[in-house]
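Participant: I am sharing start_0.cif, which consists of mmCIF, C-alpha atoms:
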```
data_query
loop_
_atom_site.label_atom_id
_atom_site.label_comp_id
_atom_site.auth_asym_id
_atom_site.auth_seq_id
_atom_site.Cartn_x
_atom_site.Cartn_y
_atom_site.Cartn_z
CA MET A 1 22.49 -57.71 60.08
CA ASN A 2 24.53 -57.00 63.16
CA ARG A 3 25.53 -53.69 64.56
CA SER A 4 29.23 -54.42 64.91
CA GLY A 5 29.53 -54.92 61.17
CA TYR A 6 28.37 -51.37 60.53
CA LEU A 7 30.65 -50.01 63.24
CA LYS A 8 33.61 -51.84 61.77
CA ALA A 9 32.74 -50.67 58.28
CA ALA A 10 32.33 -47.08 59.47
CA ALA A 11 35.71 -47.23 61.23
CA VAL A 12 37.39 -48.57 58.10
CA VAL A 13 35.87 -45.95 55.82
CA MET A 14 36.80 -43.22 58.26
CA ALA A 15 40.39 -44.45 58.57
CA LEU A 16 40.78 -44.67 54.79
CA PHE A 17 39.50 -41.17 54.23
CA ALA A 18 41.45 -39.76 57.18
CA ILE A 19 44.66 -41.08 55.59
CA GLY A 20 43.57 -39.52 52.32
CA LEU A 21 42.87 -36.14 53.87
CA VAL A 22 46.08 -35.84 55.87
CA GLY A 23 48.02 -36.99 52.84
CA TYR A 24 46.27 -34.30 50.83
CA PHE A 25 49.39 -32.96 49.13
CA ALA A 26 50.78 -36.37 48.38
CA PHE A 27 47.81 -37.14 46.15
CA SER A 28 46.59 -33.73 45.21
CA ALA A 29 47.85 -31.86 42.22
CA ALA A 30 47.50 -28.23 41.25
CA PHE A 31 46.48 -29.04 37.69
CA PRO A 32 42.92 -28.44 36.50
CA ASP A 33 40.48 -31.32 36.71
CA GLY A 34 38.52 -32.80 33.81
CA LEU A 35 35.83 -30.15 33.37
CA GLU A 36 38.18 -27.23 34.11
CA ARG A 37 40.60 -28.60 31.55
CA VAL A 38 37.88 -28.82 28.91
CA MET A 39 36.88 -25.21 29.68
CA GLU A 40 40.51 -24.11 29.42
CA ASP A 41 41.04 -25.96 26.15
CA ASN A 42 38.12 -24.00 24.76
CA GLY A 43 39.16 -20.66 26.14
CA LEU A 44 36.30 -20.36 28.61
CA GLU A 45 36.73 -18.53 31.87
CA GLU A 46 34.64 -19.06 34.92
CA SER A 47 32.32 -16.09 35.28
CA GLU A 48 31.37 -14.35 38.50
CA PRO A 49 29.36 -16.76 40.60
CA PHE A 50 25.70 -16.05 41.13
CA TYR A 51 26.05 -16.87 44.80
CA THR A 52 29.07 -16.62 47.08
CA ALA A 53 29.51 -19.42 49.57
CA PRO A 54 30.66 -18.72 53.14
CA LEU A 55 33.63 -21.13 53.01
CA SER A 56 36.11 -22.29 50.40
CA TYR A 57 38.39 -25.28 50.01
CA GLY A 58 41.31 -23.22 51.30
CA GLU A 59 44.39 -21.84 49.61
CA ASP A 60 47.08 -23.95 51.24
CA TYR A 61 47.60 -27.23 53.03
CA TRP A 62 46.18 -26.11 56.37
CA GLY A 63 43.28 -24.31 54.75
CA ALA A 64 42.43 -27.40 52.75
CA LEU A 65 42.83 -29.61 55.80
CA LEU A 66 40.49 -27.37 57.80
CA ALA A 67 38.00 -27.23 54.93
CA GLY A 68 38.14 -31.00 54.67
CA LEU A 69 37.53 -31.43 58.38
CA ALA A 70 34.70 -28.88 58.34
CA GLY A 71 33.16 -30.56 55.31
CA PHE A 72 33.47 -33.96 56.94
CA ALA A 73 31.74 -32.71 60.09
CA ILE A 74 29.00 -30.80 58.25
CA THR A 75 28.26 -33.69 55.89
CA PHE A 76 28.25 -36.27 58.67
CA GLY A 77 26.04 -34.11 60.89
CA LEU A 78 23.51 -33.25 58.20
CA VAL A 79 23.13 -36.77 56.79
CA TYR A 80 22.92 -38.24 60.29
CA LEU A 81 20.31 -35.79 61.55
CA TYR A 82 18.35 -35.99 58.31
CA LEU A 83 18.17 -39.79 58.30
CA ARG A 84 17.35 -39.93 62.01
CA GLY A 85 14.56 -37.44 61.40
CA MET A 86 13.37 -39.54 58.48
CA LYS A 87 13.19 -42.58 60.74
CA ALA A 88 11.39 -40.69 63.47
CA ARG A 89 8.75 -39.44 61.03
CA ASN A 90 8.35 -42.99 59.75
CA LYS A 91 7.46 -44.22 63.20
CA ALA A 92 5.06 -41.40 63.95
CA MET B 93 47.60 -24.37 44.52
CA GLY B 94 44.91 -21.90 43.72
CA GLU B 95 41.25 -22.55 43.40
CA VAL B 96 39.91 -26.00 43.81
CA ASP B 97 36.65 -25.95 41.99
CA THR B 98 35.38 -29.06 40.45
CA HIS B 99 31.77 -28.80 39.39
CA ILE B 100 29.79 -26.90 36.74
CA PRO B 101 29.92 -23.17 37.60
CA ASP B 102 27.21 -20.53 37.08
CA GLY B 103 27.11 -18.87 33.68
CA LEU B 104 28.63 -21.76 31.73
CA MET B 105 25.41 -23.31 30.47
CA ASP B 106 22.39 -21.89 28.64
CA PRO B 107 19.47 -21.07 30.98
CA ILE B 108 17.22 -23.59 29.20
CA VAL B 109 19.75 -26.36 29.83
CA VAL B 110 20.08 -25.20 33.44
CA GLY B 111 16.29 -25.36 33.87
CA ALA B 112 16.11 -28.78 32.24
CA GLY B 113 18.76 -30.01 34.70
CA TRP B 114 16.62 -29.02 37.67
CA ALA B 115 13.47 -30.41 36.06
CA LEU B 116 15.05 -33.81 35.43
CA ALA B 117 17.04 -34.14 38.64
CA LEU B 118 14.51 -33.10 41.27
CA PRO B 119 11.73 -35.66 40.63
CA ILE B 120 14.22 -38.55 40.64
CA ILE B 121 15.84 -37.31 43.85
CA ALA B 122 12.40 -36.91 45.44
CA LEU B 123 11.53 -40.47 44.45
CA ALA B 124 14.82 -41.74 45.92
CA VAL B 125 14.13 -39.92 49.20
CA TYR B 126 10.64 -41.42 49.30
CA ARG B 127 11.86 -44.96 48.61
CA LEU B 128 14.76 -44.66 51.05
CA LYS B 129 12.38 -43.50 53.76
CA LYS B 130 10.34 -46.67 53.35
CA ASN B 131 13.32 -49.03 53.48
CA LEU B 132 15.74 -47.27 55.77
CA ASN B 133 17.74 -49.58 58.01
CA GLU B 134 18.23 -47.66 61.23
CA ARG B 135 21.49 -49.41 62.05
CA ALA B 136 22.98 -48.21 58.79
CA VAL B 137 22.37 -44.51 59.54
CA PRO B 138 25.72 -43.68 61.22
CA PHE B 139 27.53 -45.67 58.51
CA MET B 140 25.70 -43.76 55.75
CA ALA B 141 26.65 -40.47 57.39
CA ILE B 142 30.32 -41.48 57.70
CA LEU B 143 30.35 -42.64 54.11
CA ALA B 144 28.82 -39.37 52.89
CA ALA B 145 31.41 -37.39 54.86
CA GLY B 146 34.17 -39.64 53.51
CA ILE B 147 33.07 -39.13 49.90
CA PHE B 148 32.95 -35.37 50.51
CA VAL B 149 36.60 -35.46 51.56
CA ALA B 150 37.57 -37.85 48.76
CA GLN B 151 36.16 -35.42 46.19
CA MET B 152 38.69 -32.84 47.40
CA LEU B 153 41.62 -35.11 46.63
CA ASN B 154 42.75 -34.64 43.05
CA PHE B 155 44.96 -37.27 41.48
CA PRO B 156 46.90 -36.54 38.28
CA VAL B 157 45.74 -38.48 35.22
CA ALA B 158 47.62 -37.33 32.16
CA ALA B 159 48.41 -34.30 30.03
CA GLY B 160 48.36 -31.86 32.96
CA THR B 161 44.87 -32.82 34.03
CA THR B 162 43.66 -34.18 37.33
CA GLY B 163 40.62 -36.06 38.40
CA HIS B 164 38.94 -36.82 41.63
CA LEU B 165 36.52 -39.39 42.89
CA ILE B 166 32.83 -38.79 42.26
CA GLY B 167 31.97 -41.61 44.64
CA ALA B 168 28.61 -42.56 43.13
CA THR B 169 29.58 -46.19 42.54
CA LEU B 170 31.01 -46.48 46.03
CA ALA B 171 27.80 -45.07 47.53
CA VAL B 172 25.58 -47.35 45.42
CA ALA B 173 27.69 -50.46 46.08
CA LEU B 174 27.46 -49.87 49.82
CA LEU B 175 24.03 -48.30 50.22
CA GLY B 176 22.01 -49.33 47.20
CA LEU B 177 20.51 -47.03 44.57
CA TYR B 178 18.28 -44.85 46.75
CA GLY B 179 20.83 -44.43 49.53
CA GLY B 180 23.44 -43.63 46.88
CA ILE B 181 21.31 -40.93 45.25
CA VAL B 182 20.42 -39.32 48.59
CA VAL B 183 24.04 -39.35 49.82
CA MET B 184 25.38 -37.90 46.56
CA THR B 185 22.68 -35.21 46.62
CA THR B 186 23.58 -34.16 50.16
CA ILE B 187 27.27 -33.94 49.30
CA LEU B 188 26.67 -31.80 46.20
CA VAL B 189 24.28 -29.47 48.03
CA ILE B 190 26.79 -28.92 50.86
CA GLN B 191 29.64 -28.40 48.39
CA CYS B 192 27.59 -25.80 46.55
CA LEU B 193 26.03 -23.92 49.47
CA VAL B 194 28.87 -24.10 51.99
CA PHE B 195 32.03 -24.32 49.89
CA GLY B 196 31.02 -22.64 46.63
CA ASP B 197 31.95 -25.69 44.55
CA GLY B 198 29.66 -25.57 41.55
CA GLY B 199 27.28 -22.73 40.83
CA LEU B 200 23.97 -22.39 42.63
CA THR B 201 22.01 -22.17 39.37
CA ALA B 202 24.10 -25.02 37.94
CA LEU B 203 23.36 -27.21 40.96
CA GLY B 204 20.48 -28.86 39.08
CA LEU B 205 22.88 -30.00 36.35
CA ASN B 206 25.53 -31.11 38.83
CA LEU B 207 22.86 -33.08 40.69
CA LEU B 208 21.62 -34.60 37.44
CA ASN B 209 25.10 -35.73 36.34
CA MET B 210 26.63 -36.86 39.63
CA ALA B 211 23.69 -37.65 41.96
CA VAL B 212 21.25 -39.11 39.41
CA VAL B 213 22.98 -40.30 36.21
CA ALA B 214 26.16 -41.64 37.85
CA PRO B 215 24.32 -43.67 40.55
CA LEU B 216 21.76 -44.98 38.01
CA VAL B 217 24.50 -46.15 35.66
CA ALA B 218 26.49 -47.65 38.54
CA TYR B 219 23.39 -49.46 39.79
CA GLY B 220 22.54 -50.75 36.32
CA VAL B 221 26.05 -52.11 35.72
CA LEU B 222 26.21 -53.67 39.20
CA ARG B 223 22.83 -55.35 38.72
CA ILE B 224 23.61 -56.66 35.25
CA THR B 225 27.04 -58.01 36.15
CA ARG B 226 25.75 -59.61 39.33
CA LYS B 227 23.06 -61.45 37.43
CA GLY B 228 25.00 -62.20 34.28
CA LEU B 229 28.24 -63.37 35.87
CA ASP B 230 26.85 -65.91 38.30
CA ASN B 231 26.78 -63.58 41.25
CA TRP B 232 30.43 -62.73 40.87
CA ASN B 233 30.94 -59.02 41.18
CA GLY B 234 34.70 -58.78 40.63
CA ILE B 235 34.22 -57.11 37.24
CA GLY B 236 31.06 -55.29 38.23
CA VAL B 237 32.47 -52.75 40.67
CA PRO B 238 35.38 -51.41 38.56
CA LEU B 239 33.23 -51.49 35.42
CA ALA B 240 30.40 -49.65 37.18
CA ALA B 241 32.84 -47.03 38.53
CA TRP B 242 34.43 -46.38 35.15
CA THR B 243 31.15 -46.37 33.21
CA SER B 244 29.39 -44.09 35.69
CA VAL B 245 32.15 -41.46 35.50
CA LEU B 246 32.29 -41.59 31.71
CA THR B 247 28.50 -41.36 31.35
CA ALA B 248 28.24 -38.46 33.79
CA ALA B 249 31.01 -36.68 31.87
CA LEU B 250 29.33 -37.31 28.52
CA PHE B 251 26.09 -35.90 29.95
CA CYS B 252 28.06 -32.79 30.89
CA GLY B 253 29.57 -32.74 27.39
CA VAL B 254 26.11 -32.93 25.81
CA GLN B 255 24.88 -30.16 28.12
CA LEU B 256 27.80 -27.97 26.99
CA ALA B 257 26.97 -28.76 23.36
CA LEU B 258 23.25 -28.06 23.82
CA SER B 259 24.05 -24.80 25.58
CA TYR B 260 26.26 -23.81 22.66
CA SER B 261 23.70 -24.53 19.96
CA LEU B 262 20.72 -23.13 21.89
CA SER B 263 22.47 -19.86 22.64
CA GLY B 264 24.23 -19.56 19.28
CA GLY B 265 27.62 -19.74 20.97
CA SER B 266 27.19 -17.45 23.99
CA TYR B 267 27.16 -20.40 26.37
CA GLY B 268 28.78 -23.80 26.42
CA ILE B 269 31.17 -25.41 23.98
CA GLU B 270 30.37 -26.83 20.58
CA ALA B 271 29.56 -30.53 20.38
CA LEU B 272 32.56 -31.56 18.27
CA LEU B 273 34.86 -30.25 21.00
CA SER B 274 32.93 -30.69 24.23
CA ILE B 275 31.77 -34.29 23.91
CA PRO B 276 35.09 -35.90 22.84
CA THR B 277 37.22 -33.88 25.27
CA MET B 278 34.93 -34.53 28.25
CA GLY B 279 34.90 -38.18 27.19
CA ILE B 280 38.66 -38.58 26.77
CA TYR B 281 39.66 -36.89 30.03
CA HIS B 282 37.03 -38.74 32.03
CA ALA B 283 37.82 -42.10 30.45
CA MET B 284 41.20 -41.62 32.18
CA ILE B 285 39.70 -40.20 35.38
CA GLY B 286 37.30 -43.16 35.46
CA VAL B 287 40.27 -45.53 35.77
CA GLY B 288 41.22 -43.77 39.00
CA GLU B 289 37.63 -43.94 40.18
CA ALA B 290 37.58 -47.68 39.38
CA ILE B 291 40.83 -48.34 41.29
CA ILE B 292 39.78 -46.40 44.41
CA THR B 293 36.21 -47.73 44.45
CA THR B 294 37.34 -51.33 43.92
CA GLY B 295 39.94 -50.99 46.66
CA VAL B 296 37.44 -49.71 49.22
CA VAL B 297 34.74 -52.22 48.23
CA LEU B 298 37.19 -55.13 48.23
CA PHE B 299 38.48 -54.16 51.66
CA LEU B 300 35.00 -53.69 53.15
CA SER B 301 33.83 -56.96 51.59
CA ARG B 302 36.45 -58.69 53.68
CA VAL B 303 36.06 -56.91 57.01
CA ALA B 304 32.33 -56.19 57.04
CA PRO B 305 30.56 -58.03 54.20
CA GLU B 306 27.12 -57.66 55.75
CA THR B 307 27.21 -53.90 55.19
CA MET B 308 27.46 -54.26 51.44
CA GLU B 309 24.59 -53.86 49.06
CA PHE B 310 26.85 -55.05 46.23
CA GLY B 311 29.78 -56.79 47.84
CA MET B 312 32.59 -58.55 46.01
CA ARG B 313 32.10 -62.10 47.16
CA ALA B 314 32.32 -65.21 45.04
CA LYS B 315 28.73 -66.08 45.92
CA GLU B 316 25.97 -63.98 47.32
CA ALA B 317 24.36 -65.63 50.30
CA LYS B 318 20.83 -66.24 49.17
CA ALA B 319 18.29 -65.58 51.88
#
```
Written as structure tokens, how would this file's structure read?

Facilitator:
Amino acid sequence: MNRSGYLKAAAVVMALFAIGLVGYFAFSAAFPDGLERVMEDNGLEESEPFYTAPLSYGEDYWGALLAGLAGFAITFGLVYLYLRGMKARNKA
Amino acid sequence: MGEVDTHIPDGLMDPIVVGAGWALALPIIALAVYRLKKNLNERAVPFMAILAAGIFVAQMLNFPVAAGTTGHLIGATLAVALLGLYGGIVVMTTILVIQCLVFGDGGLTALGLNLLNMAVVAPLVAYGVLRITRKGLDNWNGIGVPLAAWTSVLTAALFCGVQLALSYSLSGGSYGIEALLSIPTMGIYHAMIGVGEAIITTGVVLFLSRVAPETMEFGMRAKEAKA
């Protein structure tokens, strides 16, 4: 397996998802998703969460865009560091 | 546009069901981590991280399906097709944990159930369908990827439906939704959402199969190159 293949693949995936994120409103809809809809149909409300997270997905376009970027960075960073650490421990 | 919250929240399911979710999900995730550690391809690490980040973002993008309902990608089939079963489970787990702890998507107690449905059941079903179709259809995966995507979403949703039903009967109605309602409605909405998952997953896999086929665990080529 060559390295350039992975780089190319990573670039493609990143470009696809970048288009998706910036076009957030074009694809996104304010309607409930599958599970929320089922809860609504059955008259269930979401109760107070047991734990309150520091960030949310944002209330508007810019909030969502920022949340998306933050999520992208956090996820990339954590998975990258975790897997690198995994590899390092393997070698040790 | 209000709250975007897509996973099982706290207080929806019976505590016994919640506990069972953790008990079932954790050992399988631990096994996946162990197996991935043994077989990790170092060159794939940045790609895996990008893919995980990409799926995180994709889960935020809701597309309308029908009847005032939306769906969004789970991404399990995409992760499994590109990274294999263990990589897929580990990537999906990381995404769900970050969504829960950092963005409050899905309850902290319900995380075990969300992990079970989307990081364990969905990747296992996707992997099973991809394996069977690759073997059964003379190495031709054209049907495998969309079928795996659709089936994995539907199965994960039905698991959630069963968990709602179990919660309802265990708690005598204080938690969950009764089986006759929860299972069909989760099934019907997600049978539609699964079509979106199939289209997006197939598109990405098809595209990557062309530009970087060597990165695929389950690519869409007419013939797998046999080593």

Participant: If we count only C-alpha atoms, what is near range 65-80 of chain A at a cut-off of 8 Å, once residues fewer than 2 positions away on the same chain are taken out, given as JSON, numbers by chain?

Facilitator: {"A": [21, 22, 24, 55, 56, 57, 58, 61, 62, 63, 82, 83, 84], "B": [137, 138, 140, 141, 142, 144, 145, 146, 148, 149, 152, 183, 186, 187, 190]}

Participant: Grab the residues selected above and save them as a CSV table (one decimal), in the frame of the given file with C-alpha atoms.

Facilitator:
```
chain,number,residue,atom,x,y,z
A,21,LEU,CA,42.9,-36.1,53.9
A,22,VAL,CA,46.1,-35.8,55.9
A,24,TYR,CA,46.3,-34.3,50.8
A,55,LEU,CA,33.6,-21.1,53.0
A,56,SER,CA,36.1,-22.3,50.4
A,57,TYR,CA,38.4,-25.3,50.0
A,58,GLY,CA,41.3,-23.2,51.3
A,61,TYR,CA,47.6,-27.2,53.0
A,62,TRP,CA,46.2,-26.1,56.4
A,63,GLY,CA,43.3,-24.3,54.8
A,82,TYR,CA,18.4,-36.0,58.3
A,83,LEU,CA,18.2,-39.8,58.3
A,84,ARG,CA,17.4,-39.9,62.0
B,137,VAL,CA,22.4,-44.5,59.5
B,138,PRO,CA,25.7,-43.7,61.2
B,140,MET,CA,25.7,-43.8,55.8
B,141,ALA,CA,26.6,-40.5,57.4
B,142,ILE,CA,30.3,-41.5,57.7
B,144,ALA,CA,28.8,-39.4,52.9
B,145,ALA,CA,31.4,-37.4,54.9
B,146,GLY,CA,34.2,-39.6,53.5
B,148,PHE,CA,33.0,-35.4,50.5
B,149,VAL,CA,36.6,-35.5,51.6
B,152,MET,CA,38.7,-32.8,47.4
B,183,VAL,CA,24.0,-39.4,49.8
B,186,THR,CA,23.6,-34.2,50.2
B,187,ILE,CA,27.3,-33.9,49.3
B,190,ILE,CA,26.8,-28.9,50.9
```

Participant: Contacts of His164 in chain B at 6 Å or less, counting all atoms listed in the file, minus same-chain residues fewer than 6 places along, as a VMD selection string?

Facilitator: chain B and resid 151 153 to 154

Participant: One decimal, Å: what's the distance from CA of Gly196 in chain B over to CA of Leu104 in chain B, could you say?

Facilitator: 15.1 Å

Participant: Just the number, please: distance in Å from CA of Ser266 in chain B to CA of Pro101 in chain B, one decimal.

Facilitator: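 CA of Ser266 in chain B sits 15.0 Å away from CA of Pro101 in chain B.
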
Participant: Compare B:Ala171, B:Ala271, B:Met308, B:Leu200 by their minimum atom-to-atom distance to chain A, counting all atoms listed in the file, and give me the closest one.

Facilitator: B:Leu200

Participant: Give me, please, the distance in Å between CA of Val110 in chain B and CA of Val125 in chain B, quoted to one decimal.

Facilitator: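 Computed distance, CA of Val110 in chain B to CA of Val125 in chain B, equals 22.4 Å.
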
Participant: Measuring atom to atom with only C-alpha atoms, identify which of B:Leu207, B:Ala249, B:Ala124, B:Ile235 is nearest to chain A.

Facilitator: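 When distances to chain A are compared using only C-alpha atoms, the smallest one comes from B:Ala249.
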
Participant: Env of Glu289 in chain B: 7 Å cut, atoms = only C-alpha atoms, seq-sep filter 4 positions within chain, self excluded. Answer as a PyMOL selection string.

Facilitator: chain B and resi 165+241-242+285+293

Participant: Near Ile181 in chain B, counting all atoms listed in the file, which residues have an atom at most 10 Å away, once you skip same-chain residues fewer than 4 positions from it, shown as a list of chain:residue names?

Facilitator: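 Non-adjacent residues within range: B:Ile120, B:Ile121, B:Ala122, B:Leu123, B:Ala124, B:Val125, B:Leu128, B:Ala168, B:Ala171, B:Val172, B:Leu175, B:Gly176, B:Leu177, B:Thr185, B:Thr186, B:Leu207, B:Met210, B:Ala211, B:Val212, B:Val213, B:Ala214, B:Pro215, B:Leu216.
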
Participant: When you look at Lys87 in chain A with a cut-off of 10 Å (counting all atoms listed in the file), what residues show up, excluding the ones that are within fewer than 5 positions of it in the same chain? I need them as a ChimeraX atom specification.

Facilitator: /A:81-82,92 /B:129-134,137

Participant: Could the residues in this selection be saved with C-alpha atoms as a PDB file, keeping the file's coordinate frame?

Facilitator:
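Dumped to again_33.pdb:
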```
ATOM      1  CA  LEU A  81      20.310 -35.790  61.550  1.00  0.00           C
ATOM      2  CA  TYR A  82      18.350 -35.990  58.310  1.00  0.00           C
ATOM      3  CA  ALA A  92       5.060 -41.400  63.950  1.00  0.00           C
TER       4      ALA A  92
ATOM      5  CA  LYS B 129      12.380 -43.500  53.760  1.00  0.00           C
ATOM      6  CA  LYS B 130      10.340 -46.670  53.350  1.00  0.00           C
ATOM      7  CA  ASN B 131      13.320 -49.030  53.480  1.00  0.00           C
ATOM      8  CA  LEU B 132      15.740 -47.270  55.770  1.00  0.00           C
ATOM      9  CA  ASN B 133      17.740 -49.580  58.010  1.00  0.00           C
ATOM     10  CA  GLU B 134      18.230 -47.660  61.230  1.00  0.00           C
ATOM     11  CA  VAL B 137      22.370 -44.510  59.540  1.00  0.00           C
TER      12      VAL B 137
END
```

Participant: Can you work out which one of B:Gly180, B:Pro119, B:Gly163, B:Gly113 has the shortest atom-to-atom distance to chain A, counting only C-alpha atoms?

Facilitator: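 The answer is B:Gly163, which sits nearest to chain A.
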
Participant: When the PyMOL selection byres ((chain A and resi 38) around 10) is applied to the file above, which residues end up in the set, as a list in words?

Facilitator: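 For this structure, the PyMOL selection byres ((chain A and resi 38) around 10) captures Pro32, Asp33, Gly34, Leu35, Glu36, Arg37, Met39, Glu40, Asp41, Asn42, Gly43 and Leu44 of chain A; Thr161, Gly253, Ile269, Leu273, Ser274, Ile275, Pro276, Thr277, Met278, Gly279 and Tyr281 of chain B.
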
Participant: For Asp197 in chain B, which residue among B:Val296, B:Pro305, B:Thr98, B:Leu239 is the nearest when counting all atoms listed in the file?

Facilitator: B:Thr98

Participant: Give me the result of the PyMOL selection byres ((chain A and resi 5) around 10) on this file, residue by residue, as a PyMOL selection string.

Facilitator: (chain A and resi 1-4+6-11) or (chain B and resi 135-136+139+300+303-308)

Participant: Which one is closest to chain A: B:Gly264, B:Pro156, B:Pro107, B:Gly179? Count all atoms listed in the file.

Facilitator: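 Looking only at the distances to chain A, the closest residue turns out to be B:Pro156.
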
Participant: Restricting the calculation to all atoms listed in the file: of B:Arg226, B:Arg302, B:Arg127, B:His282, which residue gets closest to chain A?

Facilitator: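 Of B:Arg226, B:Arg302, B:Arg127, B:His282, the one nearest chain A, counting all atoms listed in the file, is B:His282.
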